[in-house]
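Peer 1: Contents are mmCIF, C-alpha atoms and all ligand atoms; file name query-v3.cif:
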data_structure
#
loop_
_atom_site.label_atom_id
_atom_site.label_comp_id
_atom_site.auth_asym_id
_atom_site.auth_seq_id
_atom_site.Cartn_x
_atom_site.Cartn_y
_atom_site.Cartn_z
CA MET A 9 -34.74 -3.02 9.44
CA ALA A 10 -35.35 -6.63 8.68
CA GLU A 11 -33.28 -6.26 5.58
CA LYS A 12 -30.35 -4.93 7.51
CA LYS A 13 -30.52 -7.78 10.02
CA ALA A 14 -30.45 -10.25 7.22
CA GLU A 15 -27.18 -8.77 6.05
CA GLN A 16 -25.53 -9.63 9.35
CA TYR A 17 -26.41 -13.28 9.07
CA TYR A 18 -23.56 -15.66 8.80
CA THR A 19 -22.84 -16.43 5.27
CA PRO A 20 -21.50 -19.87 4.64
CA PRO A 21 -18.11 -19.87 3.06
CA PRO A 22 -18.14 -20.37 -0.61
CA LYS A 23 -18.48 -24.01 -1.48
CA LEU A 24 -15.02 -25.30 -2.30
CA GLY A 25 -13.88 -28.52 -3.82
CA LYS A 26 -11.96 -30.94 -1.58
CA TRP A 27 -8.63 -30.13 -3.18
CA GLU A 28 -9.27 -26.41 -3.13
CA GLY A 29 -10.16 -26.52 0.57
CA PHE A 30 -7.00 -28.39 1.35
CA ARG A 31 -4.89 -25.98 -0.63
CA ILE A 32 -6.37 -23.07 1.30
CA PHE A 33 -5.78 -24.92 4.56
CA ILE A 34 -2.06 -25.19 3.69
CA TRP A 35 -1.76 -21.57 2.70
CA ASN A 36 -4.55 -19.09 3.01
CA SER A 37 -3.33 -16.04 1.13
CA GLU A 38 -6.29 -13.95 2.32
CA THR A 39 -5.67 -14.31 6.06
CA HIS A 40 -1.95 -15.25 5.66
CA GLN A 41 -2.53 -18.45 7.58
CA PHE A 42 -0.30 -21.44 7.17
CA LEU A 43 -1.88 -24.71 8.27
CA GLY A 44 -4.62 -22.76 9.94
CA ARG A 45 -2.37 -20.42 11.93
CA THR A 46 -0.78 -17.07 11.29
CA GLY A 47 2.97 -16.60 11.50
CA ALA A 48 2.65 -14.92 14.89
CA SER A 49 0.61 -17.80 16.23
CA TRP A 50 3.17 -20.34 14.99
CA GLY A 51 5.94 -18.21 16.50
CA LYS A 52 4.25 -18.29 19.91
CA ILE A 53 3.84 -22.04 19.76
CA LEU A 54 7.48 -22.47 18.80
CA LEU A 55 8.58 -20.19 21.64
CA PHE A 56 6.41 -22.10 24.09
CA TYR A 57 7.92 -25.46 23.15
CA ILE A 58 11.48 -24.12 23.20
CA LEU A 59 10.94 -22.82 26.74
CA PHE A 60 9.08 -25.96 27.79
CA TYR A 61 11.74 -28.38 26.59
CA SER A 62 14.68 -26.32 27.83
CA GLY A 63 12.97 -26.33 31.22
CA LEU A 64 12.62 -30.10 31.01
CA VAL A 65 16.25 -30.60 29.98
CA GLY A 66 17.42 -28.24 32.72
CA PHE A 67 15.42 -30.11 35.35
CA PHE A 68 16.75 -33.45 34.12
CA LEU A 69 20.37 -32.23 34.16
CA ALA A 70 19.92 -30.79 37.63
CA MET A 71 18.62 -34.15 38.89
CA ILE A 72 21.55 -36.00 37.25
CA ALA A 73 23.97 -33.54 38.84
CA VAL A 74 22.43 -34.09 42.27
CA PHE A 75 22.59 -37.86 41.72
CA TYR A 76 26.27 -37.74 40.68
CA GLN A 77 27.07 -35.84 43.87
CA THR A 78 26.00 -38.90 45.83
CA ILE A 79 28.15 -41.48 44.02
CA ASP A 80 31.83 -42.12 43.38
CA LEU A 81 32.65 -43.68 40.02
CA LYS A 82 35.57 -45.67 41.50
CA ILE A 83 34.11 -46.83 44.77
CA PRO A 84 30.88 -48.80 44.96
CA LYS A 85 28.31 -47.26 47.24
CA TRP A 86 27.00 -50.61 48.43
CA GLN A 87 29.83 -52.94 49.38
CA GLN A 88 30.20 -56.56 50.39
CA ASP A 89 27.32 -57.71 52.62
CA ARG A 90 25.31 -54.60 51.87
CA SER A 91 25.60 -55.20 48.13
CA VAL A 92 23.71 -57.54 45.88
CA ILE A 93 26.80 -59.60 45.02
CA GLY A 94 27.60 -60.09 48.70
CA SER A 95 30.96 -60.95 50.19
CA ASN A 96 31.32 -64.55 49.07
CA PRO A 97 33.22 -64.49 45.77
CA GLY A 98 32.36 -66.74 42.86
CA LEU A 99 34.86 -68.74 40.90
CA GLY A 100 34.88 -68.59 37.11
CA PHE A 101 36.56 -70.61 34.38
CA ARG A 102 37.80 -69.85 30.87
CA PRO A 103 37.37 -70.69 28.05
CA MET A 104 33.60 -70.59 28.23
CA PRO A 105 31.25 -72.40 25.84
CA PRO A 106 29.66 -70.35 23.04
CA GLU A 107 27.15 -67.72 24.09
CA SER A 108 24.46 -69.43 22.08
CA ASN A 109 24.58 -72.02 24.81
CA VAL A 110 24.45 -69.92 27.94
CA GLU A 111 23.67 -72.71 30.37
CA SER A 112 26.33 -75.02 29.04
CA THR A 113 29.54 -75.63 30.95
CA LEU A 114 30.85 -78.28 28.59
CA ILE A 115 34.28 -77.98 27.02
CA TRP A 116 34.15 -80.46 24.17
CA TYR A 117 36.52 -80.75 21.25
CA ARG A 118 38.50 -83.15 19.09
CA GLY A 119 42.14 -83.01 20.10
CA ASN A 120 43.59 -83.84 16.69
CA ASP A 121 41.54 -81.31 14.75
CA GLU A 122 42.82 -77.76 14.80
CA GLU A 123 39.62 -76.32 13.30
CA ASN A 124 37.76 -77.96 16.12
CA TYR A 125 39.73 -76.75 19.11
CA LYS A 126 40.42 -73.32 17.59
CA TYR A 127 37.25 -71.92 19.14
CA TRP A 128 38.55 -72.68 22.64
CA THR A 129 42.08 -71.39 22.13
CA GLU A 130 40.74 -68.23 20.51
CA GLU A 131 38.44 -67.67 23.48
CA LEU A 132 41.48 -67.92 25.73
CA ASP A 133 43.47 -65.60 23.45
CA LYS A 134 40.73 -63.00 23.83
CA PHE A 135 40.48 -63.44 27.59
CA LEU A 136 44.24 -63.28 28.12
CA GLU A 137 44.81 -60.39 25.72
CA VAL A 138 44.97 -57.81 28.54
CA TYR A 139 47.40 -59.99 30.46
CA LYS A 140 49.74 -60.09 27.47
CA ASN A 141 49.47 -56.34 26.87
CA PRO A 142 49.18 -54.76 30.30
CA SER A 143 49.81 -51.40 28.65
CA SER A 144 46.34 -51.68 27.11
CA VAL A 145 44.62 -51.43 30.48
CA PRO A 146 43.59 -48.10 32.03
CA GLY A 147 46.64 -46.23 33.27
CA ASP A 148 48.71 -47.68 30.38
CA GLY A 149 50.22 -50.21 32.77
CA LYS A 150 52.30 -47.54 34.53
CA ASN A 151 50.65 -48.54 37.77
CA ILE A 152 51.84 -52.15 37.61
CA VAL A 153 54.63 -53.44 39.85
CA HIS A 154 56.13 -56.85 40.52
CA CYS A 155 54.91 -58.17 43.84
CA ASP A 156 55.75 -61.13 46.01
CA TYR A 157 54.58 -62.44 49.36
CA GLU A 158 56.89 -60.05 51.18
CA ASN A 159 56.19 -57.04 48.97
CA SER A 160 52.60 -55.96 48.63
CA PRO A 161 51.84 -53.42 45.90
CA GLY A 162 50.96 -50.50 48.18
CA ASP A 163 48.94 -48.06 46.14
CA LYS A 164 49.90 -49.81 42.88
CA VAL A 165 48.70 -53.08 41.36
CA CYS A 166 50.49 -56.40 40.93
CA TYR A 167 51.84 -57.76 37.68
CA VAL A 168 50.54 -61.10 36.41
CA ASP A 169 53.39 -62.64 34.45
CA PRO A 170 52.21 -64.59 31.36
CA LYS A 171 55.63 -66.26 31.18
CA GLU A 172 54.70 -68.24 34.27
CA TRP A 173 51.98 -70.11 32.35
CA ARG A 174 54.57 -72.40 30.75
CA SER A 175 52.75 -75.31 29.07
CA CYS A 176 49.53 -73.29 29.33
CA SER A 177 50.94 -70.48 27.20
CA PRO A 178 49.23 -69.17 24.05
CA GLU A 179 52.30 -70.10 21.98
CA ASN A 180 51.68 -73.68 23.05
CA ASN A 181 47.95 -73.59 22.12
CA TYR A 182 47.29 -73.92 25.85
CA ASN A 183 48.07 -77.55 25.15
CA TYR A 184 44.69 -78.17 23.51
CA HIS A 185 46.33 -79.85 20.51
CA ARG A 186 47.81 -82.51 22.78
CA SER A 187 44.42 -83.43 24.29
CA ALA A 188 45.76 -82.04 27.55
CA PRO A 189 43.95 -78.71 27.85
CA CYS A 190 44.50 -75.89 30.33
CA ILE A 191 41.49 -74.29 31.98
CA PHE A 192 42.02 -70.92 33.62
CA LEU A 193 40.36 -70.14 36.94
CA LYS A 194 39.61 -66.66 38.22
CA LEU A 195 38.12 -65.48 41.46
CA ASN A 196 35.43 -62.87 40.91
CA LYS A 197 36.40 -59.41 42.07
CA ILE A 198 34.64 -58.01 45.12
CA TYR A 199 35.55 -54.50 46.09
CA ASN A 200 37.63 -54.39 49.29
CA TRP A 201 37.15 -58.08 50.02
CA ILE A 202 40.05 -59.42 52.09
CA PRO A 203 40.49 -63.20 52.22
CA GLU A 204 40.92 -64.85 55.60
CA TYR A 205 43.59 -67.32 54.64
CA TYR A 206 43.96 -70.90 55.75
CA ASN A 207 47.46 -70.05 56.85
CA GLU A 208 47.66 -72.25 59.95
CA THR A 209 48.52 -75.77 58.92
CA THR A 210 46.98 -77.03 62.15
CA SER A 211 43.45 -75.93 61.47
CA LEU A 212 42.59 -76.96 57.93
CA PRO A 213 38.94 -77.83 57.39
CA GLU A 214 37.63 -81.38 57.38
CA ASN A 215 36.28 -81.22 53.86
CA MET A 216 39.45 -79.87 52.27
CA PRO A 217 40.85 -82.38 49.73
CA LYS A 218 43.72 -84.40 51.11
CA ASP A 219 46.13 -83.44 48.36
CA LEU A 220 45.56 -79.75 49.04
CA LYS A 221 46.24 -80.26 52.76
CA GLU A 222 49.43 -82.08 51.87
CA HIS A 223 50.42 -79.30 49.54
CA ILE A 224 49.89 -76.71 52.26
CA HIS A 225 52.00 -78.77 54.65
CA THR A 226 54.93 -78.74 52.25
CA ILE A 227 55.11 -74.93 52.21
CA LYS A 228 58.16 -73.72 54.11
CA ASN A 229 57.88 -69.96 53.74
CA HIS A 230 55.02 -69.02 56.04
CA HIS A 231 54.29 -65.86 54.02
CA GLU A 232 53.26 -68.10 51.13
CA LEU A 233 50.49 -69.51 53.27
CA ASN A 234 48.60 -66.28 52.72
CA THR A 235 47.01 -67.68 49.58
CA VAL A 236 43.47 -68.41 48.50
CA TRP A 237 43.93 -72.10 47.73
CA VAL A 238 42.40 -73.89 44.77
CA SER A 239 41.35 -77.51 44.38
CA CYS A 240 39.88 -79.34 41.40
CA GLU A 241 38.42 -82.79 41.64
CA GLY A 242 36.42 -85.25 39.61
CA GLU A 243 32.90 -85.27 41.02
CA ASN A 244 32.32 -89.01 41.07
CA PRO A 245 34.82 -91.86 41.48
CA ALA A 246 34.71 -92.44 37.72
CA ASP A 247 35.39 -88.75 37.09
CA VAL A 248 38.34 -88.82 39.49
CA GLU A 249 39.83 -91.62 37.47
CA ASN A 250 39.07 -90.10 34.08
CA MET A 251 40.34 -86.66 35.05
CA GLY A 252 43.88 -87.99 35.42
CA PRO A 253 46.72 -86.00 36.96
CA ILE A 254 46.52 -82.21 36.98
CA GLN A 255 48.90 -79.35 37.60
CA TYR A 256 48.12 -75.95 38.99
CA ILE A 257 50.08 -73.29 37.12
CA PRO A 258 51.87 -71.12 38.23
CA ARG A 259 50.85 -72.09 41.78
CA ARG A 260 48.03 -73.70 43.65
CA GLY A 261 46.03 -70.61 44.45
CA PHE A 262 45.62 -66.86 44.27
CA PRO A 263 48.45 -65.12 46.16
CA GLY A 264 47.36 -62.82 48.97
CA TYR A 265 49.19 -59.81 47.60
CA PHE A 266 46.52 -59.43 44.92
CA PHE A 267 43.93 -58.64 47.59
CA PRO A 268 41.97 -56.59 48.27
CA PHE A 269 40.74 -55.46 44.88
CA ALA A 270 40.24 -51.70 45.20
CA ASN A 271 39.51 -50.78 41.58
CA LYS A 272 42.94 -49.25 41.09
CA GLU A 273 43.88 -48.53 37.50
CA GLY A 274 45.33 -51.50 35.70
CA TYR A 275 44.31 -54.18 38.21
CA LEU A 276 44.24 -57.66 36.70
CA SER A 277 42.90 -60.65 38.61
CA PRO A 278 45.38 -63.40 39.41
CA LEU A 279 44.77 -66.61 37.48
CA VAL A 280 45.34 -70.28 38.12
CA ALA A 281 45.70 -72.44 35.04
CA VAL A 282 44.62 -76.02 35.67
CA TRP A 283 46.47 -78.31 33.31
CA PHE A 284 44.76 -81.63 32.67
CA GLU A 285 47.76 -83.71 31.72
CA ARG A 286 46.15 -86.99 30.67
CA PRO A 287 42.35 -86.91 30.77
CA THR A 288 40.64 -90.01 29.42
CA THR A 289 39.41 -89.28 25.90
CA GLY A 290 35.94 -90.11 24.62
CA VAL A 291 34.20 -89.73 27.97
CA LEU A 292 32.57 -86.83 29.75
CA VAL A 293 34.46 -85.83 32.89
CA ASN A 294 32.64 -83.82 35.58
CA ILE A 295 34.99 -81.48 37.39
CA GLU A 296 34.45 -79.23 40.35
CA CYS A 297 36.96 -76.59 41.39
CA LYS A 298 36.85 -74.77 44.70
CA ALA A 299 38.56 -71.75 46.17
CA TRP A 300 39.59 -71.99 49.81
CA ALA A 301 39.62 -69.30 52.49
CA HIS A 302 37.81 -69.04 55.84
CA ASN A 303 35.44 -66.50 54.33
CA ILE A 304 34.61 -68.43 51.17
CA ARG A 305 31.63 -70.72 51.53
CA HIS A 306 30.97 -73.27 48.83
CA ASP A 307 27.51 -73.14 47.38
CA ARG A 308 27.04 -74.73 44.03
CA ALA A 309 23.45 -73.62 43.54
CA GLU A 310 24.39 -69.99 44.22
CA ARG A 311 27.61 -70.39 42.22
CA ARG A 312 29.75 -69.14 45.06
CA GLY A 313 33.22 -70.33 45.96
CA SER A 314 33.18 -73.17 43.49
CA VAL A 315 32.71 -73.84 39.82
CA HIS A 316 31.60 -76.87 37.88
CA PHE A 317 32.40 -77.78 34.31
CA GLU A 318 32.58 -80.83 32.10
CA LEU A 319 35.45 -81.82 29.90
CA MET A 320 35.11 -84.07 26.89
CA ILE A 321 37.90 -84.72 24.44
CA ASP A 322 37.24 -86.98 21.47
C1 LIG B 1 47.06 -65.36 58.43
O1 LIG B 1 45.95 -64.72 57.82
C2 LIG B 1 45.36 -63.68 58.57
C3 LIG B 1 44.21 -63.13 57.78
O2 LIG B 1 43.37 -64.15 57.41
C4 LIG B 1 46.38 -62.59 58.82
O3 LIG B 1 45.82 -61.57 59.63
C5 LIG B 1 47.61 -63.17 59.49
O4 LIG B 1 48.61 -62.18 59.59
C6 LIG B 1 48.15 -64.34 58.67
N1 LIG B 1 49.25 -64.98 59.38
C7 LIG B 1 50.50 -64.99 58.92
C8 LIG B 1 51.48 -65.74 59.71
O5 LIG B 1 50.81 -64.42 57.89
#
Could you write out this structure as structure tokens?

Peer 2:
Amino acid sequence: MAEKKAEQYYTPPPKLGKWEGFRIFIWNSETHQFLGRTGASWGKILLFYILFYSGLVGFFLAMIAVFYQTIDLKIPKWQQDRSVIGSNPGLGFRPMPPESNVESTLIWYRGNDEENYKYWTEELDKFLEVYKNPSSVPGDGKNIVHCDYENSPGDKVCYVDPKEWRSCSPENNYNYHRSAPCIFLKLNKIYNWIPEYYNETTSLPENMPKDLKEHIHTIKNHHELNTVWVSCEGENPADVENMGPIQYIPRRGFPGYFFPFANKEGYLSPLVAVWFERPTTGVLVNIECKAWAHNIRHDRAERRGSVHFELMID
């Protein structure tokens, strides 16, 4: 009896060397186990993970599908005052200083050195590329029509004519080589934002620059008053003097027929090129440009409605 019992005792596996044990762990030919599991066991694990992950992917796709039902890719869900960007558009300028210098707003170059100003003209080339090739925008430019103050684009978008840039044209190096650079201004796009124009010459705001008021008074065609006006000034008396005369090309503002922006295919923002005809060289000139409409408030800290940059030509 006792002998028999002893036979049932657990017998330790035969002592194996480290390498031998490992080899058997990889493939045990006796039990047909691979890495400690039989083929059937591995098959079950594989099946489990296939089901588990397809369930996960299915759930994820279902959630995405539900989410896409709630949004429109062309129309922002949160607009104007309900959105983060709000309803007070910012003003931007081009060319911008190198990205390595994010906070900088200084346009500084040597006017007689092509290598030196090339960076700025190339930046403008890049920015204006779509304006020169409107067929490269979505919709292949088929959506673009010529507009004027009496003809709004309807369900199309308005053409921005690069020929109107004259002395600020790419062919002319945007005049950088003559130490009389052009800076392009652009109003940031806000979906469905409609400007409330200063189109009554009798009620122009106190703080509007005198020369802009005078300009508005010279406009005969009252349709043309439906414009978001632009002004640029030197910030301090010295800057005013050093800035010298400027021209706004092609006109002194963003024409009303470009608004509202409704994300239609091929829309390009209107631009105002500010041509600094004779800035004083060798000094830093602080310039502030503002866009004018009843519903544009100027807030420099928030970068709304106005833009600041410095110009320095050696
Ligand atoms: C002046 O602008 C307002 C919108 O701001 C517009 O409703 C009105 O028709 C404009 N007046 C003229 C004469 O175009």

Peer 1: From the set A:His185, A:Lys171, A:Lys134, A:His40, which residue has the shortest atom-to-atom contact distance to Asp322 of chain A, counting only C-alpha atoms?

Peer 2: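 Looking only at the distances to Asp322 of chain A, the closest residue turns out to be A:His185.
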
Peer 1: Report as an MDAnalysis selection string all protein, DNA and RNA residues lying within 8 Å of Leu276 of chain A, evaluated on all atoms listed in the file, omitting residues in the same chain fewer than 6 positions from it.

Peer 2: chainID A and resid 139 165:168

Peer 1: Mind checking which residues fall within 7 Å of segment 116-125 of chain A, counting only C-alpha atoms, ignoring those fewer than 4 positions away in the same chain, and posting them as a list in words?

Peer 2: Thr129, Tyr184, His185, Arg186, Ser187, Leu319, Met320, Ile321 and Asp322 of chain A

Peer 1: Would you mind exporting C-alpha atoms of the selected residues as a PDB file, in the coordinates of the input?

Peer 2:
ATOM      1  CA  THR A 129      42.080 -71.390  22.130  1.00  0.00           C
ATOM      2  CA  TYR A 184      44.690 -78.170  23.510  1.00  0.00           C
ATOM      3  CA  HIS A 185      46.330 -79.850  20.510  1.00  0.00           C
ATOM      4  CA  ARG A 186      47.810 -82.510  22.780  1.00  0.00           C
ATOM      5  CA  SER A 187      44.420 -83.430  24.290  1.00  0.00           C
ATOM      6  CA  LEU A 319      35.450 -81.820  29.900  1.00  0.00           C
ATOM      7  CA  MET A 320      35.110 -84.070  26.890  1.00  0.00           C
ATOM      8  CA  ILE A 321      37.900 -84.720  24.440  1.00  0.00           C
ATOM      9  CA  ASP A 322      37.240 -86.980  21.470  1.00  0.00           C
TER      10      ASP A 322
END

Peer 1: Quick check, in Å to one decimal: how far apart do atom CA of Ala299 of chain A and atom CA of Gln88 of chain A lie?

Peer 2: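 Taking atom CA of Ala299 of chain A as the start and atom CA of Gln88 of chain A as the end point, the length is 17.8 Å.
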
Peer 1: Any residue with an atom at most 10 Å from ligand LIG 1 (chain B) counts, using all atoms listed in the file. Which are they? Put them as a list in words.

Peer 2: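 Going residue by residue within 10 Å of ligand LIG 1 (chain B), we get Tyr157, Ile202, Pro203, Glu204, Tyr205, Tyr206, Asn207, Glu208, Asn229, His230, His231, Glu232, Leu233, Asn234, Thr235, Val236, Gly264, Ala301, His302 and Asn303 of chain A.
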
Peer 1: Generate the coordinates of N, CA, C and O atoms for segment 41-52 of chain A; report them as an mmCIF file, keeping the file's coordinate frame.

Peer 2:
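Result saved to part_21.cif:
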data_model
loop_
_atom_site.group_PDB
_atom_site.id
_atom_site.type_symbol
_atom_site.label_atom_id
_atom_site.label_comp_id
_atom_site.auth_asym_id
_atom_site.auth_seq_id
_atom_site.Cartn_x
_atom_site.Cartn_y
_atom_site.Cartn_z
ATOM 1 N N GLN A 41 -2.631 -17.342 6.628
ATOM 2 C CA GLN A 41 -2.530 -18.450 7.580
ATOM 3 C C GLN A 41 -1.877 -19.647 6.915
ATOM 4 O O GLN A 41 -2.244 -20.033 5.807
ATOM 5 N N PHE A 42 -0.957 -20.216 7.625
ATOM 6 C CA PHE A 42 -0.300 -21.440 7.170
ATOM 7 C C PHE A 42 -0.741 -22.574 8.080
ATOM 8 O O PHE A 42 -0.641 -22.469 9.303
ATOM 9 N N LEU A 43 -1.315 -23.601 7.501
ATOM 10 C CA LEU A 43 -1.880 -24.710 8.270
ATOM 11 C C LEU A 43 -2.828 -24.216 9.350
ATOM 12 O O LEU A 43 -2.817 -24.672 10.481
ATOM 13 N N GLY A 44 -3.592 -23.228 9.016
ATOM 14 C CA GLY A 44 -4.620 -22.760 9.940
ATOM 15 C C GLY A 44 -4.133 -21.776 10.979
ATOM 16 O O GLY A 44 -4.877 -21.411 11.876
ATOM 17 N N ARG A 45 -2.860 -21.392 10.940
ATOM 18 C CA ARG A 45 -2.370 -20.420 11.930
ATOM 19 C C ARG A 45 -1.578 -19.340 11.230
ATOM 20 O O ARG A 45 -0.898 -19.599 10.247
ATOM 21 N N THR A 46 -1.583 -18.160 11.836
ATOM 22 C CA THR A 46 -0.780 -17.070 11.290
ATOM 23 C C THR A 46 0.656 -17.257 11.749
ATOM 24 O O THR A 46 0.941 -18.020 12.660
ATOM 25 N N GLY A 47 1.553 -16.533 11.124
ATOM 26 C CA GLY A 47 2.970 -16.600 11.500
ATOM 27 C C GLY A 47 3.170 -16.297 12.959
ATOM 28 O O GLY A 47 3.902 -16.988 13.654
ATOM 29 N N ALA A 48 2.491 -15.301 13.486
ATOM 30 C CA ALA A 48 2.650 -14.920 14.890
ATOM 31 C C ALA A 48 2.221 -16.054 15.800
ATOM 32 O O ALA A 48 2.889 -16.377 16.781
ATOM 33 N N SER A 49 1.105 -16.691 15.429
ATOM 34 C CA SER A 49 0.610 -17.800 16.230
ATOM 35 C C SER A 49 1.621 -18.947 16.246
ATOM 36 O O SER A 49 1.923 -19.512 17.295
ATOM 37 N N TRP A 50 2.150 -19.269 15.054
ATOM 38 C CA TRP A 50 3.170 -20.340 14.990
ATOM 39 C C TRP A 50 4.393 -19.946 15.817
ATOM 40 O O TRP A 50 4.974 -20.766 16.518
ATOM 41 N N GLY A 51 4.774 -18.680 15.743
ATOM 42 C CA GLY A 51 5.940 -18.210 16.500
ATOM 43 C C GLY A 51 5.736 -18.424 17.989
ATOM 44 O O GLY A 51 6.624 -18.890 18.691
ATOM 45 N N LYS A 52 4.529 -18.122 18.478
ATOM 46 C CA LYS A 52 4.250 -18.290 19.910
ATOM 47 C C LYS A 52 4.355 -19.754 20.312
ATOM 48 O O LYS A 52 4.912 -20.092 21.359
#
